[in-house]
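Contents: one structure, followed by commentary.
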Amino acid sequence: MTTRPSSTALRVVFLNPFETDAPFAERELALRMLAAAKAIGWEAVVAHRAAEIEAFDPDMVISLHPQVTPKLTRHFTVACHWNPPKLHEAYPVFMRNERSYDGFLTAGDDLRQRLADLFWPTARPLLTAPIYPSSPAWALEPTLNPDSQLFYIGSNWDGKRYPHLLKRLAAAGVLALHGRRDRWAHMADAFTGEVPFDGRSVIEKANACGLGLALHLPVHAQAAIPNMRVFELAAAGALTIADHHPFIVEAFGENVLYVDLKAGEMEVAEQILAHVAWARANPLRGREMARAAQAIFVERFSLEKLFAPLPDLLERGRRMLGFERPLDPAARVPVDLVLPVEPGGWDDALARVEAVGMQTAGRIGVILAHSGDVTVPERLLRPVADLRMVRAPDGAAAGTVLWAGLRAAMADWVGIVPPGARLFPNHVATLLAAAAELDVDVVHGGAVQPMVPEECYELFQAEARPVPVGFDPVETTTVEATASTLHPASLLIRRARLTSVLRRDPELGEAAAGFLAHRVLAGGLTGSSGLLTVSVDRRADAPVFAARERVQRLSLLRPPAAVNGGSPRREGEMAITGFTDPDPELAARLPRLWGHADFASLPRDRPIYLYGASRGGRIVKQELDRWSGLAPTGFVDGLWAGDAWGLSVSYPESIADALRDATVIISSQHVSEIARRLAAIGIAEPYNAYPFIAWQVHIDNLAEQGRR
């Protein structure tokens with residue numbers, strides 16, 4: 001265990017869970033944070049793997065993308081919680097990951113309140129401090145001049161977002177695009193060049209341009225969470241043109257120029273061009289605004305300022321989350337931990353015993369349960385003072401070995417540490433504190449399960465580590481549900497609660513621990529610490545359901561009901577438009593197509609045109625082809641004309657008369673922008689097929705996962 005750090009200097013790891021050279025924002029942010037940490041005298045490194053964290057042995061770990069990886073090591077670990085929740089709510093594994101951390105650095109009050117609500121039923125203290133995807137405070141003088149161009153950078157999320165807006169700015173000669181060349185192939189004329197993600201070059205390029213564009217996704221504005229663009233532009237001393245994001249308006253006020261994203265791409269482009277023209281004509285005033293925004297940034301939002309509360313957060317966290325041993329030996333509550341040992345599994349048993357020896361809760365009894373006439377290695381007898389051996393009959397099943405160990409427990413509290421489990425040092429202390437606060441006889445921490453890589457098919461998972469499951473009330477209707485939300489290693493149980501369960505060995509194999517967890521939970525009120533205090537090796541859960549049928553009989557349970565995966569269960573589950581759509585309210589007002597019956601009821605006495613000739617258009621065409629009399633006449637697209645999927649593609653203005661007498665279906669994610677363009681030629685209520693497209697893509701992704 002590391003000692004408590006001083007208030008002035010910390011040893012910090014910035015965890016970027018992606019590969020070292022992955023051109024993601026996390027790389028840039030990690031290097032910016034590294035520079036700021038060193039500027040204030042901290043020892044800091046960037047790490048990508050758990051082994052690197054262990055080697056550095058920091059006081060604190062700061063995770064830059066907590067959705068794709070949970071807490072990895074025993075160290076006090078906080079999450080940078082700066083992404084809008086709606087970006088990740090479709091991925092349960094992401095939500096489970098982000099809940100595993102000891103503390104949270106949050107980009108706004110809404111995120112903090114969301115966490116407070118989430119953990120209210122648990123005993124965990126809520127440890128938070130402000131954070132933003134910001135930058136160090138560098139002294140860069142504003143450079144705005146009559147020839148300044150508009151700095152805009154994008155690498156991953158942008159894709160072809162704002163295609164009309166950016167093309168208009170490029171055509172006017174005011175746009176300087178930066179980022180990854182492959183992402184801007186469709187905007188090659190305005191692409192200025194790739195910028196290395198080295199923590200500084202992006203900001204220096206923005207400074208050289210003098211002007212910058214910061215646009216947000218609607219979900220950012222809804223959650224009042226800013227992206228990193230506004231901070232790097234302020235740090236660079238670049239005059240910023242931004243959307244009316246509530247954070248920017250409150251923080252920077254009249255020192256930023258604003259546009260209304262809901263006005264539509266072409267109108268927004270004209271607003272931006274007007275701002276650029278004003279800035280070029282008034283460089284002195286523009287530099288004053290940029291300098292004022294920079295001063296606000298340095299004083300309130302630079303990383304050096306944002307890091308200031310972290311030593312205090314760490315000190316409180318170590319004290320409140322059981323990271324330190326109690327000073328009063330009388331306060332230690334005896335606990336027995338049962339460690340079943342597999343045949344030949346002494347190395348794994350030693351790792352578990354050593355983890356018990358590091359517990360901060362005081363005296364912990366260890367019961368090593370094994371089968372057969374074997375010699376226990378001497379090295380297992382040293383790490384803990386109170387160690388007992390329990391031998392089950394030769395050839396006994398894993399469940400029988402576990403039951404033998406549990407029956408030998410004599411302490412007030414009992415826990416299980418199965419093969420493959422690794423307790424963090426504050427495991428027992430945290431669970432005992434939660435049990436006392438909640439006044440319960442059974443308490444669990446952040447339950448764990450193995451990572452399923454296919455759940456992250458859209459993001460590269462850097463390290464397949466155990467994934468914490470959510471802290472929602474534990475479902476005890478089926479053994480499957482219990483085992484999927486709770487791992488036996490996360491349980492601490494009063495010995496008295498085990499009496500009835502241990503009266504008879506259920507003669508189960510690897511499923512015994514999961515069965516025990518279910519029976520204990522089903523027997524009465526259970527509390528949760530709300531903290532991840534144990535990690536589990538992938539192999540530990542593999543055979544849990546080998547005895548599924550027997551476990552169901554023993555538990556008097558019904559088999560789980562089948563889940564219908566063919567269509568959304570209710571209309572509220574639909575995606576109305578793409579997440580980059582700047583005006584989802586407009587998209588929501590259009591008539592929707594989201595199920596087969598909606599397509600079947602379309603009028604058959606009018607031609608059908610599909611606006612959008614890419615993947616979405618093909619999905620909708622295939623659906624229409626299933627129904628007699630609904631074959632589409634052609635495609636419409638705002639960016640190109642030609643042929644696609646066996647039909648012609650036309651610009652909407654070129655066939656406006658035909659479209660007014662037709663059924664027009666939007667088959668693209670840019671719903672509001674397309675609706676505006678259609679309204680301009682007299683088509684007021686086109687059908688929105690994006691809900692159907694999104695659902696079909698989801699089904700296709702599930703099928704693809706099943707084939708892997």
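Just so we're on the same page: first chain in the structure tokens is A, next is B, and so on; residues restart at 1 for each chain, and ligands are numbered from 1 in the order they show up.
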Tell me which protein, DNA and RNA residues are within 7 Å of region 303-319 of chain A, counting only C-alpha atoms, leaving out same-chain ones fewer than 2 positions away, and put them as an mmCIF file with N, CA and C atoms, in the first residue's frame.
data_model
loop_
_atom_site.group_PDB
_atom_site.id
_atom_site.type_symbol
_atom_site.label_atom_id
_atom_site.label_comp_id
_atom_site.auth_asym_id
_atom_site.auth_seq_id
_atom_site.Cartn_x
_atom_site.Cartn_y
_atom_site.Cartn_z
ATOM 1 N N SER A 7 -0.174 17.179 0.600
ATOM 2 C CA SER A 7 -1.199 17.974 -0.084
ATOM 3 C C SER A 7 -0.637 18.740 -1.269
ATOM 4 N N MET A 33 -2.759 16.819 -19.836
ATOM 5 C CA MET A 33 -2.815 16.651 -18.381
ATOM 6 C C MET A 33 -1.425 16.372 -17.808
ATOM 7 N N ALA A 36 0.370 19.659 -17.523
ATOM 8 C CA ALA A 36 -0.141 20.484 -16.423
ATOM 9 C C ALA A 36 0.283 19.925 -15.073
ATOM 10 N N ILE A 40 2.851 21.781 -12.029
ATOM 11 C CA ILE A 40 2.556 22.094 -10.625
ATOM 12 C C ILE A 40 3.336 21.191 -9.670
ATOM 13 N N LEU A 127 -17.802 11.082 -3.954
ATOM 14 C CA LEU A 127 -16.607 11.913 -4.005
ATOM 15 C C LEU A 127 -16.477 12.501 -5.401
ATOM 16 N N ALA A 129 -15.275 16.131 -7.930
ATOM 17 C CA ALA A 129 -14.636 17.434 -8.119
ATOM 18 C C ALA A 129 -14.860 17.822 -9.579
ATOM 19 N N PRO A 130 -14.787 19.113 -9.905
ATOM 20 C CA PRO A 130 -15.020 19.530 -11.299
ATOM 21 C C PRO A 130 -13.873 19.122 -12.215
ATOM 22 N N ILE A 131 -14.207 18.847 -13.465
ATOM 23 C CA ILE A 131 -13.205 18.612 -14.510
ATOM 24 C C ILE A 131 -13.807 18.978 -15.857
ATOM 25 N N SER A 134 -9.886 20.016 -20.840
ATOM 26 C CA SER A 134 -9.286 21.335 -20.959
ATOM 27 C C SER A 134 -7.825 21.256 -21.389
ATOM 28 N N SER A 135 -7.068 22.255 -21.000
ATOM 29 C CA SER A 135 -5.692 22.429 -21.472
ATOM 30 C C SER A 135 -4.873 23.124 -20.392
ATOM 31 N N PRO A 136 -3.539 22.981 -20.443
ATOM 32 C CA PRO A 136 -2.712 23.804 -19.558
ATOM 33 C C PRO A 136 -2.813 25.286 -19.926
ATOM 34 N N ARG A 300 -10.214 30.049 -14.466
ATOM 35 C CA ARG A 300 -11.272 29.134 -14.009
ATOM 36 C C ARG A 300 -11.167 27.722 -14.563
ATOM 37 N N PHE A 301 -10.615 27.557 -15.775
ATOM 38 C CA PHE A 301 -10.760 26.268 -16.445
ATOM 39 C C PHE A 301 -9.453 25.636 -16.910
ATOM 40 N N LEU A 321 -13.193 5.564 2.084
ATOM 41 C CA LEU A 321 -13.415 4.344 1.315
ATOM 42 C C LEU A 321 -12.564 3.174 1.798
ATOM 43 N N GLY A 322 -12.017 3.285 2.983
ATOM 44 C CA GLY A 322 -11.329 2.149 3.571
ATOM 45 C C GLY A 322 -9.953 1.878 3.002
ATOM 46 N N PHE A 323 -9.286 2.884 2.464
ATOM 47 C CA PHE A 323 -7.947 2.680 1.916
ATOM 48 C C PHE A 323 -6.868 2.701 3.002
ATOM 49 N N GLU A 324 -7.224 3.130 4.219
ATOM 50 C CA GLU A 324 -6.251 3.211 5.287
ATOM 51 C C GLU A 324 -6.658 2.298 6.431
#
Which residues come within 12 Å of Leu406 (chain A), counting only C-alpha atoms, excluding same-chain residues fewer than 5 positions away, as an MDAnalysis selection string? chainID A and resid 336:340 366:370 388:392 399:401 411 413:417 493:499 501:505 512:513 516
Would you save the residues of that selection, restricted to N, CA and C atoms, as a compact mmCIF listing (two decimals), in the first residue's frame?
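Output below, filename selection.txt:
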# COMPACT_ATOMS: atom_id res chain seq x y z
N ASP A 336 -14.15 -14.04 8.50
CA ASP A 336 -13.54 -15.22 7.89
C ASP A 336 -13.80 -15.20 6.40
N LEU A 337 -12.74 -15.34 5.61
CA LEU A 337 -12.87 -15.45 4.16
C LEU A 337 -12.51 -16.88 3.75
N VAL A 338 -13.42 -17.51 3.02
CA VAL A 338 -13.23 -18.89 2.57
C VAL A 338 -12.62 -18.87 1.18
N LEU A 339 -11.49 -19.56 1.03
CA LEU A 339 -10.77 -19.61 -0.25
C LEU A 339 -10.76 -21.06 -0.75
N PRO A 340 -11.71 -21.46 -1.59
CA PRO A 340 -11.65 -22.81 -2.16
C PRO A 340 -10.44 -22.92 -3.09
N VAL A 366 -8.51 -16.63 7.38
CA VAL A 366 -8.51 -17.28 6.07
C VAL A 366 -8.74 -18.77 6.27
N ILE A 367 -9.69 -19.30 5.51
CA ILE A 367 -9.96 -20.72 5.51
C ILE A 367 -9.65 -21.26 4.13
N LEU A 368 -8.59 -22.04 4.02
CA LEU A 368 -8.24 -22.66 2.74
C LEU A 368 -8.93 -24.02 2.68
N ALA A 369 -9.87 -24.16 1.76
CA ALA A 369 -10.62 -25.40 1.62
C ALA A 369 -10.15 -26.13 0.37
N HIS A 370 -9.77 -27.40 0.52
CA HIS A 370 -9.25 -28.17 -0.62
C HIS A 370 -9.72 -29.62 -0.46
N ARG A 388 -6.52 -21.25 8.52
CA ARG A 388 -6.92 -22.62 8.84
C ARG A 388 -7.09 -23.41 7.55
N MET A 389 -6.85 -24.73 7.65
CA MET A 389 -7.00 -25.62 6.52
C MET A 389 -8.20 -26.52 6.74
N VAL A 390 -9.01 -26.67 5.70
CA VAL A 390 -10.17 -27.57 5.74
C VAL A 390 -10.07 -28.50 4.55
N ARG A 391 -10.15 -29.81 4.83
CA ARG A 391 -9.99 -30.80 3.77
C ARG A 391 -11.31 -31.51 3.52
N ALA A 392 -11.76 -31.48 2.28
CA ALA A 392 -12.93 -32.25 1.86
C ALA A 392 -12.46 -33.63 1.37
N GLY A 399 -18.24 -27.59 -5.36
CA GLY A 399 -19.28 -27.13 -4.44
C GLY A 399 -19.14 -27.73 -3.06
N THR A 400 -18.76 -29.00 -2.99
CA THR A 400 -18.58 -29.67 -1.71
C THR A 400 -17.39 -29.08 -0.96
N VAL A 401 -16.32 -28.76 -1.68
CA VAL A 401 -15.16 -28.11 -1.06
C VAL A 401 -15.58 -26.76 -0.48
N ALA A 411 -16.26 -16.74 12.45
CA ALA A 411 -16.30 -15.30 12.70
C ALA A 411 -17.72 -14.76 12.53
N TRP A 413 -18.67 -12.43 10.51
CA TRP A 413 -18.94 -12.20 9.10
C TRP A 413 -18.15 -13.21 8.27
N VAL A 414 -18.74 -13.60 7.13
CA VAL A 414 -18.13 -14.60 6.26
C VAL A 414 -18.19 -14.11 4.82
N GLY A 415 -17.10 -14.32 4.09
CA GLY A 415 -17.06 -14.02 2.67
C GLY A 415 -16.41 -15.15 1.91
N ILE A 416 -16.53 -15.11 0.58
CA ILE A 416 -15.94 -16.13 -0.28
C ILE A 416 -14.99 -15.44 -1.25
N VAL A 417 -13.82 -16.04 -1.45
CA VAL A 417 -12.89 -15.53 -2.45
C VAL A 417 -12.60 -16.69 -3.41
N ILE A 493 -21.42 -11.75 4.51
CA ILE A 493 -22.65 -12.26 5.09
C ILE A 493 -22.43 -12.53 6.58
N ARG A 494 -23.42 -12.17 7.40
CA ARG A 494 -23.35 -12.57 8.80
C ARG A 494 -23.44 -14.09 8.90
N ARG A 495 -22.61 -14.65 9.74
CA ARG A 495 -22.56 -16.11 9.87
C ARG A 495 -23.94 -16.69 10.18
N ALA A 496 -24.74 -15.99 10.99
CA ALA A 496 -26.06 -16.52 11.36
C ALA A 496 -26.98 -16.71 10.16
N ARG A 497 -26.78 -15.88 9.12
CA ARG A 497 -27.64 -15.99 7.93
C ARG A 497 -27.32 -17.23 7.10
N LEU A 498 -26.18 -17.88 7.35
CA LEU A 498 -25.77 -19.03 6.55
C LEU A 498 -26.27 -20.36 7.09
N THR A 499 -26.79 -20.37 8.32
CA THR A 499 -27.10 -21.63 8.98
C THR A 499 -28.02 -22.52 8.15
N VAL A 501 -28.75 -22.38 4.98
CA VAL A 501 -28.22 -22.72 3.66
C VAL A 501 -27.19 -23.83 3.74
N LEU A 502 -26.44 -23.86 4.85
CA LEU A 502 -25.34 -24.81 4.97
C LEU A 502 -25.75 -26.15 5.60
N ARG A 503 -27.02 -26.29 5.95
CA ARG A 503 -27.42 -27.53 6.63
C ARG A 503 -27.24 -28.76 5.75
N ARG A 504 -27.27 -28.56 4.43
CA ARG A 504 -27.12 -29.70 3.52
C ARG A 504 -26.36 -29.26 2.28
N ASP A 505 -25.37 -30.04 1.91
CA ASP A 505 -24.59 -29.77 0.70
C ASP A 505 -25.47 -30.01 -0.53
N ALA A 512 -21.99 -23.79 -7.38
CA ALA A 512 -22.34 -23.69 -5.97
C ALA A 512 -22.27 -22.27 -5.43
N ALA A 513 -21.22 -21.53 -5.79
CA ALA A 513 -21.07 -20.17 -5.26
C ALA A 513 -22.19 -19.26 -5.75
N LEU A 516 -25.34 -20.16 -3.84
CA LEU A 516 -25.32 -19.61 -2.49
C LEU A 516 -25.68 -18.12 -2.51
Taking only C-alpha atoms into account, which of A:Thr580, A:Val374, A:Leu554, A:Glu28 comes nearest His216 (chain A)? A:Thr580
Excluding same-chain residues fewer than 5 positions from Ala675 (chain A), what lies within 12 Å of it counting only C-alpha atoms, as a VMD selection string? chain A and resid 264 to 265 577 581 583 to 591 611 to 612 638 652 664 to 670 680 to 688
Pick out the closest residue to Val68 (chain A) from this set: A:Val93, A:His81, A:Ile272, A:Ile699. Count only C-alpha atoms. A:Val93
Write out as an NGL selection string the residues lying within 8 Å of Glu26 (chain A), counting only C-alpha atoms and excluding same-chain residues fewer than 5 positions away. :A and (16 or 18 or 64-65)
What does the distance from CA of Val353 (chain A) to CA of Val376 (chain A) come to in Å, to one decimal?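 CA of Val353 (chain A) sits 12.9 Å away from CA of Val376 (chain A).
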Name the residues in contact with region 641-648 of chain A at a cut-off of 10 Å, using only C-alpha atoms, excluding same-chain residues fewer than 2 positions from it; report them as a list of chain:residue names.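 Once the nearby chain positions are removed, what remains is A:Ala613, A:Ser614, A:Arg615, A:Gly617, A:Arg618, A:Lys621, A:Gln622, A:Pro632, A:Thr633, A:Gly634, A:Phe635, A:Val636, A:Asp637, A:Gly638, A:Leu639, A:Ser650, A:Tyr651, A:Pro652.
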Requested write-out: C-alpha atoms of the selected residues, as a PDB file, in the first residue's frame:
ATOM      1  CA  ALA A 613     -28.951   6.874 -50.962  1.00  0.00           C
ATOM      2  CA  SER A 614     -26.403   5.280 -48.619  1.00  0.00           C
ATOM      3  CA  ARG A 615     -26.843   2.434 -46.145  1.00  0.00           C
ATOM      4  CA  GLY A 617     -31.555   4.160 -48.226  1.00  0.00           C
ATOM      5  CA  ARG A 618     -30.716   0.574 -49.017  1.00  0.00           C
ATOM      6  CA  LYS A 621     -35.568   0.096 -50.205  1.00  0.00           C
ATOM      7  CA  GLN A 622     -35.239  -3.538 -49.118  1.00  0.00           C
ATOM      8  CA  PRO A 632     -39.562   3.060 -54.763  1.00  0.00           C
ATOM      9  CA  THR A 633     -39.288   5.217 -57.880  1.00  0.00           C
ATOM     10  CA  GLY A 634     -35.879   6.697 -57.097  1.00  0.00           C
ATOM     11  CA  PHE A 635     -33.504   8.224 -54.604  1.00  0.00           C
ATOM     12  CA  VAL A 636     -32.946  11.876 -53.679  1.00  0.00           C
ATOM     13  CA  ASP A 637     -29.710  13.195 -52.219  1.00  0.00           C
ATOM     14  CA  GLY A 638     -28.501  16.689 -51.414  1.00  0.00           C
ATOM     15  CA  LEU A 639     -24.818  16.027 -52.118  1.00  0.00           C
ATOM     16  CA  SER A 650     -31.350  13.150 -58.103  1.00  0.00           C
ATOM     17  CA  TYR A 651     -30.915  16.467 -56.358  1.00  0.00           C
ATOM     18  CA  PRO A 652     -34.225  17.457 -54.694  1.00  0.00           C
TER      19      PRO A 652
END
Give me the residues near Gly108 (chain A) as an MDAnalysis selection string, where near means some atom within 9 Å (using only C-alpha atoms) and where sequence neighbours in that chain fewer than 5 positions away do not count. chainID A and resid 82 113 130:132 223:226 247
Given the selection you just returned, output its residues as a file containing N, CA and C atoms, formatted as a compact mmCIF listing (two decimals), in the first residue's frame.
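That gives us part_24.txt:
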# COMPACT_ATOMS: atom_id res chain seq x y z
N TRP A 82 -17.05 13.21 -18.34
CA TRP A 82 -17.29 14.43 -19.12
C TRP A 82 -18.00 14.15 -20.44
N GLN A 113 -25.31 15.37 -10.18
CA GLN A 113 -26.61 15.00 -9.62
C GLN A 113 -27.05 13.63 -10.11
N PRO A 130 -14.79 19.11 -9.90
CA PRO A 130 -15.02 19.53 -11.30
C PRO A 130 -13.87 19.12 -12.22
N ILE A 131 -14.21 18.85 -13.46
CA ILE A 131 -13.20 18.61 -14.51
C ILE A 131 -13.81 18.98 -15.86
N TYR A 132 -12.95 19.36 -16.78
CA TYR A 132 -13.38 19.59 -18.17
C TYR A 132 -12.26 19.09 -19.09
N ALA A 223 -27.17 18.33 -21.90
CA ALA A 223 -26.58 17.99 -20.61
C ALA A 223 -25.72 19.12 -20.05
N ALA A 224 -25.64 20.25 -20.77
CA ALA A 224 -24.82 21.40 -20.35
C ALA A 224 -23.36 21.00 -20.18
N ILE A 225 -22.87 20.10 -21.07
CA ILE A 225 -21.49 19.62 -21.01
C ILE A 225 -20.74 20.14 -22.23
N PRO A 226 -19.66 20.88 -22.05
CA PRO A 226 -18.89 21.38 -23.21
C PRO A 226 -17.92 20.33 -23.72
N PHE A 247 -23.13 26.28 -21.24
CA PHE A 247 -21.88 26.45 -20.49
C PHE A 247 -21.06 27.60 -21.07
When you count only C-alpha atoms, which of these residues is closest to Glu267 (chain A): A:Leu532, A:Leu166, A:Leu217, A:Leu31?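 Using only C-alpha atoms, Glu267 (chain A) sits closest to A:Leu166.
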Got a sec to tell me which of region 109-207 of chain A DSSP assigns to helix (DSSP H, G or I), as number ranges by chain? A: 109-119, 163-171, 181-190, 201-207
Compare A:Pro246, A:Pro142, A:Pro603, A:Gly372 by their minimum atom-to-atom distance to Lys205 (chain A), counting only C-alpha atoms, and give me the closest one.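 Result for the nearest residue to Lys205 (chain A): A:Pro142.
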The residue from A:Asp373, A:Glu254, A:Glu510, A:Asp102 with the smallest atom-to-atom distance to Phe424 (chain A), counting only C-alpha atoms, is A:Asp102
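Considering only region 146-248 of chain A, backbone DSSP assigns strand (DSSP E or B) to Gln149, Leu150, Phe151, Tyr152, Ile153, Gly154, Leu175, Ala176, Leu177, His178, Gly179, Phe191, Thr192, Gly193, Gly210, Leu211, Gly212, Leu213, Ala214, Leu239, Thr240, Ile241, Ala242 and Asp243 of chain A.
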Write the selection just made, keeping N, CA and C atoms, as a PDB file, in the first residue's frame?
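The resulting selection-v8.pdb:
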ATOM      1  N   GLN A 149      -7.898  32.546 -40.874  1.00  0.00           N
ATOM      2  CA  GLN A 149      -8.843  31.509 -41.277  1.00  0.00           C
ATOM      3  C   GLN A 149      -9.446  30.845 -40.054  1.00  0.00           C
ATOM      4  N   LEU A 150     -10.510  30.111 -40.292  1.00  0.00           N
ATOM      5  CA  LEU A 150     -11.291  29.504 -39.223  1.00  0.00           C
ATOM      6  C   LEU A 150     -10.745  28.104 -38.921  1.00  0.00           C
ATOM      7  N   PHE A 151     -10.122  27.944 -37.759  1.00  0.00           N
ATOM      8  CA  PHE A 151      -9.572  26.653 -37.358  1.00  0.00           C
ATOM      9  C   PHE A 151     -10.715  25.708 -36.986  1.00  0.00           C
ATOM     10  N   TYR A 152     -10.709  24.512 -37.571  1.00  0.00           N
ATOM     11  CA  TYR A 152     -11.686  23.486 -37.207  1.00  0.00           C
ATOM     12  C   TYR A 152     -10.992  22.140 -37.289  1.00  0.00           C
ATOM     13  N   ILE A 153     -11.118  21.365 -36.231  1.00  0.00           N
ATOM     14  CA  ILE A 153     -10.448  20.072 -36.187  1.00  0.00           C
ATOM     15  C   ILE A 153     -11.467  18.992 -35.862  1.00  0.00           C
ATOM     16  N   GLY A 154     -11.303  17.862 -36.498  1.00  0.00           N
ATOM     17  CA  GLY A 154     -12.157  16.712 -36.223  1.00  0.00           C
ATOM     18  C   GLY A 154     -11.393  15.456 -36.557  1.00  0.00           C
ATOM     19  N   LEU A 175     -12.138  28.443 -44.331  1.00  0.00           N
ATOM     20  CA  LEU A 175     -12.037  27.271 -43.475  1.00  0.00           C
ATOM     21  C   LEU A 175     -10.656  26.619 -43.561  1.00  0.00           C
ATOM     22  N   ALA A 176     -10.076  26.315 -42.402  1.00  0.00           N
ATOM     23  CA  ALA A 176      -8.813  25.581 -42.322  1.00  0.00           C
ATOM     24  C   ALA A 176      -9.065  24.307 -41.525  1.00  0.00           C
ATOM     25  N   LEU A 177      -9.302  23.221 -42.236  1.00  0.00           N
ATOM     26  CA  LEU A 177      -9.610  21.946 -41.589  1.00  0.00           C
ATOM     27  C   LEU A 177      -8.334  21.248 -41.146  1.00  0.00           C
ATOM     28  N   HIS A 178      -8.390  20.662 -39.953  1.00  0.00           N
ATOM     29  CA  HIS A 178      -7.282  19.883 -39.419  1.00  0.00           C
ATOM     30  C   HIS A 178      -7.820  18.559 -38.894  1.00  0.00           C
ATOM     31  N   GLY A 179      -6.921  17.643 -38.634  1.00  0.00           N
ATOM     32  CA  GLY A 179      -7.326  16.347 -38.111  1.00  0.00           C
ATOM     33  C   GLY A 179      -6.738  15.214 -38.920  1.00  0.00           C
ATOM     34  N   PHE A 191      -8.747  20.961 -46.469  1.00  0.00           N
ATOM     35  CA  PHE A 191      -7.933  20.271 -45.473  1.00  0.00           C
ATOM     36  C   PHE A 191      -6.527  20.878 -45.453  1.00  0.00           C
ATOM     37  N   THR A 192      -6.132  21.391 -44.307  1.00  0.00           N
ATOM     38  CA  THR A 192      -4.849  22.071 -44.167  1.00  0.00           C
ATOM     39  C   THR A 192      -3.719  21.102 -43.846  1.00  0.00           C
ATOM     40  N   GLY A 193      -4.032  20.039 -43.137  1.00  0.00           N
ATOM     41  CA  GLY A 193      -2.996  19.063 -42.817  1.00  0.00           C
ATOM     42  C   GLY A 193      -3.258  18.367 -41.500  1.00  0.00           C
ATOM     43  N   GLY A 210      -5.911  32.086 -35.530  1.00  0.00           N
ATOM     44  CA  GLY A 210      -6.490  33.297 -34.955  1.00  0.00           C
ATOM     45  C   GLY A 210      -7.968  33.211 -34.706  1.00  0.00           C
ATOM     46  N   LEU A 211      -8.669  32.371 -35.476  1.00  0.00           N
ATOM     47  CA  LEU A 211     -10.112  32.155 -35.345  1.00  0.00           C
ATOM     48  C   LEU A 211     -10.361  30.665 -35.146  1.00  0.00           C
ATOM     49  N   GLY A 212     -11.461  30.327 -34.460  1.00  0.00           N
ATOM     50  CA  GLY A 212     -11.774  28.919 -34.285  1.00  0.00           C
ATOM     51  C   GLY A 212     -13.259  28.666 -34.208  1.00  0.00           C
ATOM     52  N   LEU A 213     -13.650  27.458 -34.611  1.00  0.00           N
ATOM     53  CA  LEU A 213     -15.060  27.064 -34.628  1.00  0.00           C
ATOM     54  C   LEU A 213     -15.271  25.944 -33.619  1.00  0.00           C
ATOM     55  N   ALA A 214     -16.218  26.119 -32.692  1.00  0.00           N
ATOM     56  CA  ALA A 214     -16.547  25.114 -31.678  1.00  0.00           C
ATOM     57  C   ALA A 214     -18.036  24.805 -31.763  1.00  0.00           C
ATOM     58  N   LEU A 239     -10.074  33.743 -31.340  1.00  0.00           N
ATOM     59  CA  LEU A 239     -11.445  34.214 -31.231  1.00  0.00           C
ATOM     60  C   LEU A 239     -12.383  33.078 -31.621  1.00  0.00           C
ATOM     61  N   THR A 240     -13.333  32.765 -30.761  1.00  0.00           N
ATOM     62  CA  THR A 240     -14.156  31.567 -30.920  1.00  0.00           C
ATOM     63  C   THR A 240     -15.537  31.903 -31.459  1.00  0.00           C
ATOM     64  N   ILE A 241     -15.961  31.125 -32.451  1.00  0.00           N
ATOM     65  CA  ILE A 241     -17.338  31.136 -32.929  1.00  0.00           C
ATOM     66  C   ILE A 241     -17.961  29.819 -32.482  1.00  0.00           C
ATOM     67  N   ALA A 242     -19.045  29.892 -31.716  1.00  0.00           N
ATOM     68  CA  ALA A 242     -19.617  28.689 -31.116  1.00  0.00           C
ATOM     69  C   ALA A 242     -21.133  28.724 -31.183  1.00  0.00           C
ATOM     70  N   ASP A 243     -21.734  27.553 -30.974  1.00  0.00           N
ATOM     71  CA  ASP A 243     -23.189  27.499 -30.838  1.00  0.00           C
ATOM     72  C   ASP A 243     -23.582  28.008 -29.452  1.00  0.00           C
TER      73      ASP A 243
END
Using only C-alpha atoms, which of A:Ala694, A:Leu630, A:Leu140, A:Val620 sits nearest Ile576 (chain A)? A:Ala694
